[in-house]
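Q: Got a file for you: upload-v5.cif, mmCIF, C-alpha atoms (C1' of nucleotides).
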data_start
#
loop_
_atom_site.label_atom_id
_atom_site.label_comp_id
_atom_site.auth_asym_id
_atom_site.auth_seq_id
_atom_site.Cartn_x
_atom_site.Cartn_y
_atom_site.Cartn_z
CA MET A 1483 67.32 6.42 30.49
CA LYS A 1484 64.60 6.29 33.03
CA ARG A 1485 65.60 7.07 36.56
CA LYS A 1486 65.85 4.07 38.84
CA SER A 1487 62.97 3.83 41.27
CA PHE A 1488 63.19 3.01 44.97
CA ARG A 1489 59.48 3.02 45.63
CA GLU A 1490 59.65 -0.59 46.74
CA ALA A 1491 62.93 -0.35 48.61
CA GLU A 1492 63.32 -1.90 51.99
CA CYS A 1493 65.24 1.14 53.26
CA PRO A 1494 62.99 3.99 54.37
CA VAL A 1495 65.62 6.51 53.34
CA ALA A 1496 65.49 5.23 49.79
CA ARG A 1497 61.70 5.31 49.74
CA ALA A 1498 61.66 8.82 51.10
CA LEU A 1499 64.12 9.97 48.46
CA ASP A 1500 62.08 8.28 45.80
CA ALA A 1501 59.17 10.48 46.81
CA ILE A 1502 60.88 13.78 47.51
CA GLY A 1503 64.52 13.33 46.54
CA ASP A 1504 64.62 15.22 43.30
CA TRP A 1505 66.10 18.59 42.70
CA TRP A 1506 63.06 20.78 43.39
CA SER A 1507 60.83 18.85 45.74
CA LEU A 1508 62.16 19.92 49.10
CA LEU A 1509 62.44 23.51 47.97
CA ILE A 1510 58.77 23.49 47.08
CA ILE A 1511 57.97 21.91 50.42
CA ARG A 1512 60.10 24.46 52.22
CA ASP A 1513 58.07 27.16 50.49
CA ALA A 1514 54.92 25.46 51.71
CA PHE A 1515 56.27 25.57 55.27
CA ASP A 1516 57.07 29.23 54.71
CA GLY A 1517 53.39 29.86 54.03
CA LEU A 1518 53.34 30.00 50.22
CA ARG A 1519 50.20 28.35 48.95
CA ARG A 1520 49.55 29.59 45.42
CA PHE A 1521 51.07 28.28 42.21
CA SER A 1522 52.32 31.67 41.13
CA GLU A 1523 53.79 32.53 44.54
CA ILE A 1524 55.91 29.43 44.54
CA GLN A 1525 56.80 29.76 40.88
CA GLN A 1526 58.03 33.31 41.31
CA ASN A 1527 59.76 32.68 44.60
CA LEU A 1528 61.80 29.76 43.29
CA GLY A 1529 62.23 30.86 39.69
CA ILE A 1530 61.22 27.34 38.68
CA ALA A 1531 59.81 26.56 35.23
CA LYS A 1532 56.04 26.38 35.32
CA GLY A 1533 55.96 22.94 33.76
CA MET A 1534 58.31 21.57 36.39
CA LEU A 1535 56.29 23.09 39.19
CA ALA A 1536 53.02 21.83 37.78
CA SER A 1537 54.37 18.30 37.51
CA ARG A 1538 55.85 18.34 41.02
CA LEU A 1539 52.68 19.70 42.57
CA ARG A 1540 50.63 17.10 40.74
CA GLU A 1541 52.84 14.39 42.15
CA PHE A 1542 52.72 15.77 45.68
CA VAL A 1543 48.96 15.76 45.56
CA LYS A 1544 49.01 12.20 44.28
CA LEU A 1545 51.36 11.18 47.09
CA GLY A 1546 49.21 12.90 49.69
CA ILE A 1547 51.86 15.43 50.68
CA LEU A 1548 49.89 18.44 49.49
CA GLU A 1549 46.18 18.85 48.89
CA LEU A 1550 44.16 21.33 46.90
CA VAL A 1551 41.90 23.47 49.04
CA PRO A 1552 39.68 26.46 48.22
CA ALA A 1553 41.60 29.72 48.25
CA SER A 1554 41.65 31.35 51.65
CA ASP A 1555 40.80 34.76 50.14
CA GLY A 1556 37.38 33.62 48.94
CA SER A 1557 38.27 33.73 45.25
CA ALA A 1558 37.41 30.88 42.90
CA TYR A 1559 41.04 29.73 42.81
CA GLN A 1560 42.56 26.89 44.75
CA GLU A 1561 45.59 26.68 47.00
CA TYR A 1562 48.05 23.97 47.89
CA ALA A 1563 48.10 23.04 51.56
CA LEU A 1564 50.37 20.63 53.41
CA THR A 1565 48.64 17.49 54.61
CA GLU A 1566 49.59 15.69 57.82
CA LYS A 1567 52.01 13.59 55.76
CA GLY A 1568 53.49 16.73 54.27
CA ARG A 1569 53.87 18.41 57.64
CA GLY A 1570 55.80 15.32 58.70
CA LEU A 1571 58.62 16.55 56.49
CA PHE A 1572 59.25 19.50 58.77
CA LEU A 1573 62.15 17.86 60.57
CA VAL A 1574 63.74 16.89 57.27
CA VAL A 1575 63.73 20.54 56.27
CA VAL A 1576 65.00 21.59 59.69
CA ALA A 1577 67.82 19.04 59.56
CA LEU A 1578 68.87 20.30 56.13
CA ARG A 1579 68.67 23.86 57.38
CA GLN A 1580 70.84 23.21 60.40
CA TRP A 1581 73.44 21.36 58.35
CA GLY A 1582 73.49 24.21 55.85
CA GLU A 1583 73.80 26.79 58.59
CA GLY A 1584 76.73 24.98 60.13
CA HIS A 1585 78.70 24.05 57.06
CA LEU A 1586 77.81 26.20 54.09
CA TYR A 1587 78.31 29.81 55.15
CA GLN A 1588 81.32 32.04 55.47
CA LYS A 1589 81.49 34.39 58.38
CA GLY A 1590 79.46 37.49 57.80
CA GLU A 1591 77.16 36.05 55.16
CA ALA A 1592 73.50 36.79 55.65
CA ARG A 1593 71.24 33.82 56.20
CA SER A 1594 67.69 33.17 57.23
CA LEU A 1595 67.07 31.72 60.66
CA LEU A 1596 64.39 29.50 62.19
CA VAL A 1597 63.11 30.92 65.45
CA ASP A 1598 60.62 29.98 68.13
CA THR A 1599 57.74 32.43 67.75
CA ARG A 1600 57.10 32.45 71.49
CA THR A 1601 60.53 33.77 72.44
CA GLY A 1602 62.02 34.89 69.13
CA GLN A 1603 65.08 32.79 69.93
CA PRO A 1604 66.66 30.43 67.38
CA VAL A 1605 65.56 26.83 67.85
CA ALA A 1606 67.96 24.32 69.39
CA PRO A 1607 70.06 22.01 67.22
CA LEU A 1608 68.38 18.66 66.61
CA ARG A 1609 69.70 15.70 68.60
CA LEU A 1610 69.09 12.01 68.34
CA TYR A 1611 68.00 10.12 71.45
CA ALA A 1612 67.90 6.42 72.22
CA ALA A 1613 64.69 4.86 73.49
CA ASP A 1614 65.95 5.21 77.05
CA GLY A 1615 66.57 8.94 76.67
CA ARG A 1616 70.36 8.94 76.21
CA ALA A 1617 71.54 11.33 73.49
CA ILE A 1618 73.36 9.26 70.91
CA ASP A 1619 75.30 9.79 67.72
CA TRP A 1620 76.05 7.97 64.51
CA PRO A 1621 78.74 5.67 65.92
CA GLU A 1622 76.33 4.38 68.56
CA THR A 1623 73.76 3.32 65.96
CA ARG A 1624 73.36 0.51 63.49
CA VAL A 1625 70.84 -0.35 60.79
CA GLU A 1626 69.01 -3.63 61.18
CA SER A 1627 67.71 -5.15 57.99
CA LYS A 1628 64.41 -6.61 56.95
CA VAL A 1629 62.44 -6.04 60.11
CA ALA A 1630 58.80 -6.96 59.50
CA GLU A 1631 55.83 -5.04 60.84
CA ARG A 1632 55.05 -7.69 63.42
CA ALA A 1633 58.41 -7.14 65.06
CA LEU A 1634 57.76 -3.45 65.58
CA MET B 890 69.02 24.22 30.21
CA LYS B 891 71.40 24.33 33.06
CA ARG B 892 69.98 23.68 36.48
CA LYS B 893 69.49 26.76 38.60
CA SER B 894 72.07 27.08 41.38
CA PHE B 895 71.38 28.00 44.99
CA ARG B 896 74.98 28.02 46.13
CA GLU B 897 74.66 31.69 47.06
CA ALA B 898 71.17 31.50 48.50
CA GLU B 899 70.35 33.18 51.74
CA CYS B 900 68.29 30.20 52.86
CA PRO B 901 70.37 27.40 54.37
CA VAL B 902 67.89 24.82 53.11
CA ALA B 903 68.46 25.97 49.56
CA ARG B 904 72.23 25.89 49.99
CA ALA B 905 72.10 22.44 51.49
CA LEU B 906 69.99 21.17 48.61
CA ASP B 907 72.37 22.79 46.16
CA ALA B 908 75.11 20.61 47.62
CA ILE B 909 73.32 17.34 48.24
CA GLY B 910 69.83 17.75 46.79
CA ASP B 911 70.14 15.74 43.64
CA TRP B 912 68.73 12.36 42.98
CA TRP B 913 71.65 10.18 44.15
CA SER B 914 73.58 12.20 46.68
CA LEU B 915 71.81 11.27 49.89
CA LEU B 916 71.67 7.64 48.88
CA ILE B 917 75.43 7.62 48.46
CA ILE B 918 75.80 9.33 51.81
CA ARG B 919 73.43 6.87 53.43
CA ASP B 920 75.66 4.10 52.10
CA ALA B 921 78.64 5.83 53.64
CA PHE B 922 76.84 5.88 56.99
CA ASP B 923 76.11 2.19 56.49
CA GLY B 924 79.83 1.54 56.30
CA LEU B 925 80.35 1.25 52.55
CA ARG B 926 83.64 2.83 51.63
CA ARG B 927 84.73 1.45 48.28
CA PHE B 928 83.64 2.64 44.84
CA SER B 929 82.54 -0.79 43.75
CA GLU B 930 80.65 -1.54 46.96
CA ILE B 931 78.56 1.58 46.56
CA GLN B 932 78.14 1.11 42.85
CA GLN B 933 76.85 -2.43 43.25
CA ASN B 934 74.71 -1.66 46.26
CA LEU B 935 72.88 1.20 44.57
CA GLY B 936 72.92 -0.04 41.01
CA ILE B 937 74.08 3.42 39.99
CA ALA B 938 75.90 4.06 36.72
CA LYS B 939 79.64 4.25 37.28
CA GLY B 940 79.94 7.62 35.60
CA MET B 941 77.26 9.10 37.87
CA LEU B 942 78.90 7.70 40.95
CA ALA B 943 82.33 8.90 39.92
CA SER B 944 81.05 12.42 39.34
CA ARG B 945 79.12 12.52 42.62
CA LEU B 946 82.06 11.22 44.64
CA ARG B 947 84.35 13.74 42.97
CA GLU B 948 81.99 16.51 43.97
CA PHE B 949 81.64 15.26 47.55
CA VAL B 950 85.40 15.27 47.90
CA LYS B 951 85.52 18.78 46.47
CA LEU B 952 82.83 19.90 48.92
CA GLY B 953 84.62 18.28 51.84
CA ILE B 954 81.85 15.81 52.59
CA LEU B 955 83.96 12.75 51.79
CA GLU B 956 87.70 12.31 51.68
CA LEU B 957 89.95 9.73 50.09
CA VAL B 958 91.90 7.69 52.60
CA PRO B 959 94.18 4.64 52.21
CA ALA B 960 92.24 1.39 52.15
CA SER B 961 91.71 -0.10 55.58
CA ASP B 962 92.67 -3.59 54.34
CA GLY B 963 96.24 -2.57 53.56
CA SER B 964 95.83 -2.81 49.79
CA ALA B 965 97.01 -0.12 47.42
CA TYR B 966 93.47 1.12 46.82
CA GLN B 967 91.77 4.07 48.42
CA GLU B 968 88.48 4.40 50.23
CA TYR B 969 85.95 7.17 50.66
CA ALA B 970 85.42 8.23 54.26
CA LEU B 971 82.96 10.73 55.70
CA THR B 972 84.52 13.92 56.98
CA GLU B 973 83.18 15.85 59.95
CA LYS B 974 81.06 17.86 57.52
CA GLY B 975 79.77 14.66 55.98
CA ARG B 976 78.96 13.13 59.34
CA GLY B 977 76.93 16.25 60.01
CA LEU B 978 74.41 14.93 57.52
CA PHE B 979 73.47 12.08 59.84
CA LEU B 980 70.38 13.79 61.18
CA VAL B 981 69.22 14.61 57.66
CA VAL B 982 69.34 10.93 56.82
CA VAL B 983 67.65 10.02 60.10
CA ALA B 984 64.88 12.54 59.50
CA LEU B 985 64.27 11.15 56.02
CA ARG B 986 64.30 7.65 57.43
CA GLN B 987 61.77 8.42 60.11
CA TRP B 988 59.45 10.17 57.68
CA GLY B 989 59.72 7.22 55.31
CA GLU B 990 59.05 4.74 58.10
CA GLY B 991 55.97 6.59 59.19
CA HIS B 992 54.39 7.42 55.85
CA LEU B 993 55.65 5.15 53.10
CA TYR B 994 55.00 1.58 54.22
CA GLN B 995 51.98 -0.65 54.24
CA LYS B 996 51.42 -2.89 57.20
CA GLY B 997 53.50 -6.02 56.99
CA GLU B 998 56.14 -4.67 54.61
CA ALA B 999 59.71 -5.36 55.59
CA ARG B 1000 61.87 -2.36 56.32
CA SER B 1001 65.27 -1.67 57.77
CA LEU B 1002 65.45 -0.08 61.20
CA LEU B 1003 67.91 2.21 62.96
CA VAL B 1004 68.76 0.92 66.42
CA ASP B 1005 70.90 1.97 69.35
CA THR B 1006 73.82 -0.48 69.43
CA ARG B 1007 73.96 -0.35 73.22
CA THR B 1008 70.43 -1.64 73.78
CA GLY B 1009 69.38 -2.91 70.36
CA GLN B 1010 66.23 -0.77 70.68
CA PRO B 1011 65.00 1.49 67.86
CA VAL B 1012 66.04 5.10 68.32
CA ALA B 1013 63.47 7.67 69.44
CA PRO B 1014 61.68 9.89 66.92
CA LEU B 1015 63.43 13.21 66.41
CA ARG B 1016 61.89 16.22 68.08
CA LEU B 1017 62.51 19.93 67.76
CA TYR B 1018 63.23 21.94 70.90
CA ALA B 1019 63.23 25.65 71.53
CA ALA B 1020 66.25 27.27 73.13
CA ASP B 1021 64.56 27.06 76.52
CA GLY B 1022 63.97 23.32 76.21
CA ARG B 1023 60.29 23.30 75.28
CA ALA B 1024 59.45 20.80 72.54
CA ILE B 1025 57.96 22.76 69.66
CA ASP B 1026 56.46 22.10 66.27
CA TRP B 1027 56.11 23.80 62.92
CA PRO B 1028 53.26 26.14 63.90
CA GLU B 1029 55.33 27.54 66.76
CA THR B 1030 58.19 28.50 64.47
CA ARG B 1031 58.92 31.20 61.96
CA VAL B 1032 61.77 31.97 59.56
CA GLU B 1033 63.55 35.26 60.05
CA SER B 1034 65.25 36.67 57.00
CA LYS B 1035 68.67 38.06 56.33
CA VAL B 1036 70.23 37.65 59.74
CA ALA B 1037 73.93 38.50 59.58
CA GLU B 1038 76.69 36.63 61.38
CA ARG B 1039 77.18 39.37 63.92
CA ALA B 1040 73.62 38.92 65.13
CA LEU B 1041 74.15 35.23 65.87
"C1'" DA C 604 33.81 44.64 28.03
"C1'" DA C 605 38.83 45.15 27.89
"C1'" DA C 606 42.88 44.38 30.09
"C1'" DT C 607 45.16 41.75 33.29
"C1'" DC C 608 46.00 37.88 36.38
"C1'" DC C 609 46.06 32.96 37.42
"C1'" DA C 610 47.10 28.37 36.71
"C1'" DG C 611 48.36 25.84 34.02
"C1'" DT C 612 49.67 23.08 28.95
"C1'" DT C 613 52.50 22.51 24.94
"C1'" DC C 614 56.55 22.96 22.37
"C1'" DT C 615 61.58 22.93 21.41
"C1'" DA C 616 66.29 22.91 22.59
"C1'" DA C 617 69.81 22.05 25.97
"C1'" DT C 618 71.37 19.29 29.78
"C1'" DT C 619 71.59 15.22 32.38
"C1'" DT C 620 71.36 10.31 33.00
"C1'" DA C 621 71.73 5.22 32.06
"C1'" DG C 622 74.14 1.72 30.32
"C1'" DA C 623 77.61 -0.41 27.69
"C1'" DA C 624 82.27 -0.62 26.20
"C1'" DC C 625 86.81 0.23 27.18
"C1'" DC C 626 91.24 0.89 29.90
"C1'" DA C 627 95.10 0.88 33.22
"C1'" DC C 628 96.44 -0.75 37.43
"C1'" DT C 629 96.25 -4.15 41.43
"C1'" DC C 630 95.69 -8.53 43.41
"C1'" DG C 631 95.52 -13.55 44.04
"C1'" DA C 632 96.44 -18.01 42.27
"C1'" DC C 633 99.31 -20.97 40.06
"C1'" DG D 889 106.23 -14.09 37.14
"C1'" DT D 890 102.28 -14.30 34.60
"C1'" DC D 891 97.31 -15.06 33.73
"C1'" DG D 892 92.68 -13.99 34.96
"C1'" DA D 893 89.76 -11.49 37.80
"C1'" DG D 894 88.71 -7.34 40.37
"C1'" DT D 895 89.04 -2.21 41.17
"C1'" DG D 896 88.28 2.35 39.89
"C1'" DG D 897 87.50 4.73 36.86
"C1'" DT D 898 86.72 7.29 31.57
"C1'" DT D 899 84.37 7.71 27.21
"C1'" DC D 900 80.63 7.08 24.20
"C1'" DT D 901 75.74 7.07 22.65
"C1'" DA D 902 70.84 7.09 23.21
"C1'" DA D 903 67.08 8.20 26.03
"C1'" DA D 904 64.94 10.95 29.63
"C1'" DT D 905 64.56 15.18 32.00
"C1'" DT D 906 64.68 20.18 32.40
"C1'" DA D 907 64.46 25.21 31.17
"C1'" DG D 908 62.28 28.65 28.97
"C1'" DA D 909 59.19 30.68 25.83
"C1'" DA D 910 54.79 30.81 23.80
"C1'" DC D 911 50.11 29.87 24.21
"C1'" DT D 912 45.37 29.04 26.44
"C1'" DG D 913 41.12 29.54 28.79
"C1'" DG D 914 38.75 30.98 32.88
"C1'" DA D 915 38.68 34.58 36.86
"C1'" DT D 916 39.22 39.15 38.30
"C1'" DT D 917 39.88 43.96 38.08
"C1'" DT D 918 38.72 48.41 36.12
#
Mind turning the file's structure into structure tokens?

A:
Amino acid sequence: MKRKSFREAECPVARALDAIGDWWSLLIIRDAFDGLRRFSEIQQNLGIAKGMLASRLREFVKLGILELVPASDGSAYQEYALTEKGRGLFLVVVALRQWGEGHLYQKGEARSLLVDTRTGQPVAPLRLYAADGRAIDWPETRVESKVAERAL
Amino acid sequence: MKRKSFREAECPVARALDAIGDWWSLLIIRDAFDGLRRFSEIQQNLGIAKGMLASRLREFVKLGILELVPASDGSAYQEYALTEKGRGLFLVVVALRQWGEGHLYQKGEARSLLVDTRTGQPVAPLRLYAADGRAIDWPETRVESKVAERAL
DNA sequence: AAATCCAGTTCTAATTTAGAACCACTCGAC
DNA sequence: GTCGAGTGGTTCTAAATTAGAACTGGATTT
């Protein structure tokens, strides 16, 4: 049956997953962050079916995560570029990456690494901070429900 | 046909998505972070089919993201609790939440909010830092391929 | 102008999902 | 202690989604 939708959910996590929570979406977006911009580049890099990729890209454009721009090599083709909204997903990809690095590899397995181009050093692990600058963790947080815009 | 697997991928993002990248997984994990621990609580909260939930929970236990523990109310039932590995996904959920907050709501729509229990204030937006403490962004980063354990 | 590349679309078959029905065990009330 | 409800699933079927191959039409290369 049709997949349940969370487009109208009150929880931002659910809405986010409604937009990009399917099997391929974040992989495609990761490729975009890695500089792949052409349909065939992404298709070959992921080994995804062309129909799947076409439908995902169409949806990303509709959602404003990617946009079609003229090809950077001057040809008549177009390329997919991350919008501001799409670039906002960078920390989601980084968080997934850091979790994967820490929990999904055996010793000695090769992995790719995110580095600071200025120094060539790996980036620091993400941390969560409270409004007053204290580093905090899950147990020090709580989700408050149904907060309206006015209250923000 | 069968979904492609990235369990052996060299990219930690791909491995992470192989483990938790399907439609329901992060929603179930979000519920776990929200304190839901019983099968029926999660099932009713998400409106997920019981078979789906059972298969996802089974896999999370197998992956070491959740574990079965005796019910905290002293009954003969069991509960699902996040392991250390599972708690490591907190920042993934927070990153998704913050992206959703920033890009998926109209003005005036109600949303839930993550707050610091100490002060009741919303948490700060996540930021990425280089090893030397500079805050950096996507354009200042690059992915290096095939780095072996020894080199870390 | 022929051959090849690019960016898809269309088609079919296999896999996955939703939802309902069912089941055994536990609990709470009487 | 037993009856009804609740818990934590499993099994079944139908519908939706996905993979992969084949095809298409315009752009590019030779």

Q: Would you mind listing what lies within 12 Å of stretch 936-938 of chain B as a list in words, with all atoms listed in the file counted and same-chain residues fewer than 5 positions away left out?

A: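 Near neighbours after the sequence-gap exclusion: Met1483, Arg1485, Lys1486, Ser1487 and Phe1488 of chain A; Trp912, Trp913, Ser914, Leu916, Ile917, Phe928, Ser929, Glu930, Ile931, Ala943, Ser944 and Arg945 of chain B; DT620, DA621, DG622 and DA623 of chain C; DG897 of chain D.
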
Q: Identify, on the basis of only C-alpha atoms (C1' of nucleotides), every residue whose closest approach to B:Arg1031 does not exceed 10 Å; exclude the query and any residue fewer than 3 positions from it along the same chain; express the result as a list in words.

A: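 Neighbouring residues, sequence-local ones excluded: Phe1515, Asp1516, Gly1517, Leu1595, Leu1596, Val1597, Asp1598, Thr1599, Arg1600, Gly1602, Pro1604 and Val1605 of chain A; Trp1027, Pro1028 and Ser1034 of chain B.
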
Q: Could the residues of chain C within 12 Å of chain A, counting only C-alpha atoms (C1' of nucleotides), be given as a PyMOL selection string, please?

A: chain C and resi 608-614+619-622

Q: Can you give me, as a list of chain:residue names, the residues this file yields under the PyMOL selection byres ((chain D) within 12 of (chain B))?

A: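 For this structure, the PyMOL selection byres ((chain D) within 12 of (chain B)) resolves to D:DG894, D:DT895, D:DG896, D:DG897, D:DT898, D:DT899, D:DC900, D:DT905, D:DT906, D:DA907, D:DG908.
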
Q: What gap, in Å, lies between atom CA of A:Leu1539 and atom CA of A:Asp1504?

A: 12.8 Å

Q: Can you tell me how far atom CA of A:Arg1579 sits from atom CA of B:Ala905, in Å to one decimal?

A: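 The value is 7.0 Å.
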
Q: Hey, which bits of chain B sit within 7 Å of chain A, and for each residue what's the closest pair of atoms and how far apart in Å (one decimal), counting all atoms listed in the file, rows by chain and increasing number, as CSV?

A:
residue,atom,partner,partner_atom,distance
B:Glu899,CA,A:Arg1593,CA,4.6
B:Cys900,CA,A:Ser1594,CA,5.3
B:Pro901,CA,A:Gly1582,CA,4.7
B:Val902,CA,A:Arg1579,CA,4.4
B:Ala903,CA,A:Leu1509,CA,6.7
B:Arg904,CA,A:Gly1582,CA,6.2
B:Ala905,CA,A:Gly1582,CA,4.9
B:Gly910,CA,A:Trp1505,CA,5.6
B:Asp911,CA,A:Trp1505,CA,5.0
B:Trp912,CA,A:Asp1504,CA,5.0
B:Leu916,CA,A:Ala1496,CA,6.7
B:Lys974,CA,A:His1585,CA,6.6
B:Gly977,CA,A:Trp1581,CA,6.4
B:Leu978,CA,A:Trp1581,CA,6.6
B:Phe979,CA,A:Trp1620,CA,6.7
B:Leu980,CA,A:Ala1577,CA,6.1
B:Val981,CA,A:Ala1577,CA,5.0
B:Val982,CA,A:Val1495,CA,6.7
B:Ala984,CA,A:Val1574,CA,5.0
B:Leu985,CA,A:Val1495,CA,5.5
B:Arg986,CA,A:Val1495,CA,4.4
B:Trp988,CA,A:Gly1570,CA,6.4
B:Gly989,CA,A:Pro1494,CA,4.7
B:Glu990,CA,A:Pro1494,CA,5.5
B:His992,CA,A:Lys1567,CA,6.6
B:Leu993,CA,A:Arg1497,CA,6.9
B:Lys996,CA,A:Glu1631,CA,6.1
B:Gly997,CA,A:Glu1631,CA,4.6
B:Glu998,CA,A:Ala1630,CA,6.0
B:Ala999,CA,A:Ala1630,CA,4.3
B:Arg1000,CA,A:Glu1492,CA,4.6
B:Ser1001,CA,A:Ser1627,CA,4.3
B:Leu1002,CA,A:Glu1626,CA,5.0
B:Leu1003,CA,A:Val1625,CA,4.5
B:Val1004,CA,A:Arg1624,CA,5.5
B:Asp1005,CA,A:Thr1623,CA,4.6
B:Thr1006,CA,A:Thr1623,CA,5.1
B:Gln1010,CA,A:Ala1613,CA,6.5
B:Pro1011,CA,A:Ala1613,CA,6.6
B:Val1012,CA,A:Ala1612,CA,4.5
B:Ala1013,CA,A:Ala1613,CA,5.1
B:Leu1015,CA,A:Leu1610,CA,6.1
B:Leu1017,CA,A:Leu1608,CA,6.1
B:Tyr1018,CA,A:Ala1606,CA,5.5
B:Ala1019,CA,A:Val1605,CA,4.5
B:Ala1020,CA,A:Ala1606,CA,5.1
B:Trp1027,CA,A:Phe1572,CA,6.8
B:Glu1029,CA,A:Thr1599,CA,5.5
B:Thr1030,CA,A:Asp1598,CA,4.6
B:Arg1031,CA,A:Val1597,CA,5.5
B:Val1032,CA,A:Leu1596,CA,4.5
B:Glu1033,CA,A:Leu1595,CA,5.0
B:Ser1034,CA,A:Ser1594,CA,4.3
B:Lys1035,CA,A:Arg1593,CA,5.0
B:Val1036,CA,A:Ala1592,CA,5.3
B:Ala1037,CA,A:Ala1592,CA,4.3
B:Glu1038,CA,A:Gly1590,CA,4.6
B:Arg1039,CA,A:Gly1590,CA,6.8

Q: Between atom C1' of C:DA606 and atom CA of A:Tyr1562, measure the distance and give it in Å to one decimal.

A: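 Value for the atom C1' of C:DA606-atom CA of A:Tyr1562 distance: 27.6 Å.
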
Q: Excluding B:Arg926 and its own-chain neighbours fewer than 3 positions away, which residues fall within 7 Å of it when counting only C-alpha atoms (C1' of nucleotides)? Please give them as a PDB file with C-alpha atoms, keeping the file's coordinate frame.

A:
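Okay, this is what ended up in around_22.pdb:
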ATOM      1  CA  ALA B 921      78.640   5.830  53.640  1.00  0.00           C
ATOM      2  CA  GLU B 968      88.480   4.400  50.230  1.00  0.00           C
ATOM      3  CA  TYR B 969      85.950   7.170  50.660  1.00  0.00           C
ATOM      4  CA  ALA B 970      85.420   8.230  54.260  1.00  0.00           C
TER       5      ALA B 970
END

Q: Could you list, as JSON, numbers by chain, every residue matched by the PyMOL selection byres ((chain D and resi 889) around 12) in this structure?

A: {"C": [632, 633], "D": [890, 891]}

Q: Axis-aligned box over every listed atom of stretch 895-912 of chain D, padded by 4 Å per side: centre and edges in Å to one decimal, as lines of an AutoDock Vina configuration file?

A:
center_x = 67.2
center_y = 14.3
center_z = 31.9
size_x = 51.7
size_y = 41.0
size_z = 26.5
